[in-house]
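Read the structure below first, then the notes.
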Amino acid sequence: MTNQNLVELKNVTKESVESAVDLLKEYLSFPTISAQNSAIPETVQFVVKMIEEAGGEAQTLDDLSGNPVVYGYFPAGSNGDSSKTLLFYNHYDVQPPEPLDEWNSEPFEATIRDGKLFARGVADNKGDLVARLTAIKILQKTQGGLPCNIKFLIEGEEEIGSPNLEPYLQKYRDLFKADACIWEFGGKDEQDRISMVAGIKGMAYLELTCVGADIDMHSSVGAYVDNAAWRLVQALATMKNQQNEILVEGFYDGMEPPTEAVMEAVHALPFNEEAVTNLYGLRRPLITKAKDQDPREAMVLQPTMTICGLVSGYTGEGSKTVLPKNAKAKVDCRLVPGQDPDHILECVQRHLEKNGFHDIQVTSLNGQKAYRSDFSHPFISHVMESAQEVYGKEGILAPNSAGTGPMYIFGEQLQLPIVSTGVGWVGSKAHAPNESIRLQDFENGIVHMAYMLLGFPAALESSQENVEASK
Ligand SMILES: [Zn+2]
């Protein structure tokens, strides 16, 4: 990779960006809401058409249950390295646009205002797919072919939790085989630095229910009748102490210790306590303070246990003297690599049993394992370094995000390093009204993908040399 390459890619991207935005606008006009089973076949057809028009081969995989998965393939050019393959993961579905009255323009009529493109799905994640396809077109134009093979996996159920992705990955493991993967999304942080992740936290989402009686009662019977709400809060109180240590035996089982490279990356992450406190209007000091813990370590390396909601009895205006018949809590645990959501469920059930709360029922609503790429893999540093060259600014790369997604099944089935990066920004409002990307970020994101691909084979070569040398 040379500086001249970068200058040329930037120039050609500038010329191509207008038609790329037009294509993106068309793609955004499909109301592909997976939760409502809306516009799936026509969107799939459009995605296939975009791949073919960019010079690739497309295949619609629909022989398993759920919405089709689109496979795209672009072979390396004659002067490229056909032994190296990069996989892009994207999804063509979007979140429902509601509440509609909070949109300043129609969610499925992409509109440009103040250098931003507004539409449902533009940041999450239709803009990224068009940026990636545009990068491919630009490389074909400027380099006379692609530097490596490129594959796409574009699914249509990400926004409903990818319930059918694993069987597809299992069945088509050979088809999707690659050396490395670029994940669906990402963007700029509040200081305009490109912010990327090389992994993702997992999730064990639990529902705790306590049923004390068939009907709500007059609260005077509290003299002799046990109370479901008290039972539930007492049970919850045994699970975490005031120092915020999780007391469920076995909860921390299996946690993989971070490598030195991971620790270094964690300590390089930005964290501004004052900004966080102001952003949320926090009334209490951060819980990491009491434990004298670095909040960045907590964010990336430690699991959480969060009460997401509690419901019981009367919570309306004024007083109502009632003894509730039942109580319910939703609890989410963000997991780190090595933890198992099924094991977490068993541990919580055993913990409640052991503490005398056999009347509290625990069910799992969602379980996903965490994934963290091998942080010493040269692909990781290549994505980071190419980003810094393109954006001319320091980037941020977290070993894993604090959020969750279906990354683990990719890692497990395909055994490859994964980095997530994209064309969003801190004000993108994914999942909310007035979702947007900035056109300048879209253009820079195209350049980054093209430039990253250009140096991809050499970056992997250096990894093999390292392996050889260490033998
Ligand atoms: Zn989303």
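Ordered as shown in the structure tokens, chains take letters A, B, and onward, while each chain numbers its residues from 1 and ligands are numbered from 1 in the order shown.
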Which chains and residue numbers are within 7 Å of ligand 1, counting only C-alpha atoms and all ligand atoms, if I want them as a ChimeraX atom specification?
/A:94-95,124,158-159,430-431
- [ ] Output as a ChimeraX atom specification all residues of region 143-269 of chain A that backbone DSSP marks as alpha helix (DSSP H).
- [x] /A:143,165-171,228-237,260-267
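Of note, CA of His343 (chain A) and CA of Glu249 (chain A) are spaced 10.8 Å apart.
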Counting only C-alpha atoms, closest pick from A:Pro167, A:Pro433, A:Gly187, A:Pro303 relative to His448 (chain A) is A:Gly187
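Each of A:Ser29, A:Asn11, A:Ser78, A:Gln140 was checked against Phe108 (chain A) using only C-alpha atoms; the smallest atom-to-atom distance is that of A:Ser29.
Distances to Ala35 (chain A) were evaluated for A:Asp332, A:Glu264, A:Glu157, A:Glu109 using only C-alpha atoms, and the minimum falls at A:Glu157.
Residue nearest Ala178 (chain A), chosen from A:Leu282, A:Leu416, A:Ala458, A:Cys333 and counting only C-alpha atoms: A:Leu416.
Using only C-alpha atoms, the smallest distance between any of A:Val262, A:Leu301, A:Ile307, A:Val225 and Tyr205 (chain A) comes from A:Ile307.
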Which residues come within 9 Å of region 226-242 of chain A, counting only C-alpha atoms, excluding same-chain residues fewer than 5 positions away, as a short mmCIF file (atom, residue, chain, number, x, y, z; two decimals) with C-alpha atoms, in the first residue's frame?
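Output file selection_2.cif follows:
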data_model
loop_
_atom_site.label_atom_id
_atom_site.label_comp_id
_atom_site.auth_asym_id
_atom_site.auth_seq_id
_atom_site.Cartn_x
_atom_site.Cartn_y
_atom_site.Cartn_z
CA LEU A 208 -37.95 -14.22 37.53
CA THR A 209 -41.56 -14.78 38.57
CA CYS A 210 -43.06 -15.22 42.01
CA VAL A 211 -46.72 -16.19 42.33
CA GLY A 212 -48.08 -15.92 45.88
CA ALA A 213 -51.85 -16.24 45.40
CA VAL A 221 -53.88 -9.72 55.41
CA LEU A 247 -23.08 -13.76 44.60
CA VAL A 248 -24.56 -16.52 42.45
CA MET A 305 -26.16 -8.51 36.22
CA ILE A 307 -32.38 -5.59 36.85
CA VAL A 311 -43.47 -5.22 38.24
CA SER A 312 -45.86 -5.99 41.09
CA GLY A 313 -49.04 -4.69 42.70
CA LEU A 323 -51.10 -7.20 48.74
CA PRO A 324 -50.09 -8.30 45.24
CA LYS A 325 -50.74 -11.82 44.04
CA ASN A 326 -47.49 -11.95 42.03
CA ALA A 327 -44.27 -10.18 41.14
CA LYS A 328 -41.99 -10.32 38.14
CA ALA A 329 -38.46 -9.13 37.33
CA VAL A 348 -29.34 -18.83 39.20
CA HIS A 351 -28.80 -20.34 43.91
CA LEU A 352 -32.48 -19.52 44.53
CA ASN A 355 -31.42 -19.84 49.52
CA GLY A 356 -34.97 -21.06 50.10
CA PHE A 357 -36.62 -19.38 47.12
CA ASP A 359 -41.18 -20.67 44.75
CA ILE A 360 -39.44 -18.28 42.36
#
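Remark: for Glu394 (chain A), the closest of the candidate residues A:Leu169, A:Asp189, A:Asp174, A:Val362 is A:Asp189 (distances computed over only C-alpha atoms).
Between CA of Arg284 (chain A) and CA of Glu297 (chain A) the separation is 19.7 Å.
Atom to atom, CA of Phe185 (chain A) and CA of Gly405 (chain A) stand 10.9 Å apart.
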Q: Name all residues at most 7 Å from Val419 (chain A) (count only C-alpha atoms; drop same-chain ones fewer than 3 positions away) and give them as a PyMOL selection string.
A: chain A and resi 181-183+196-199+380
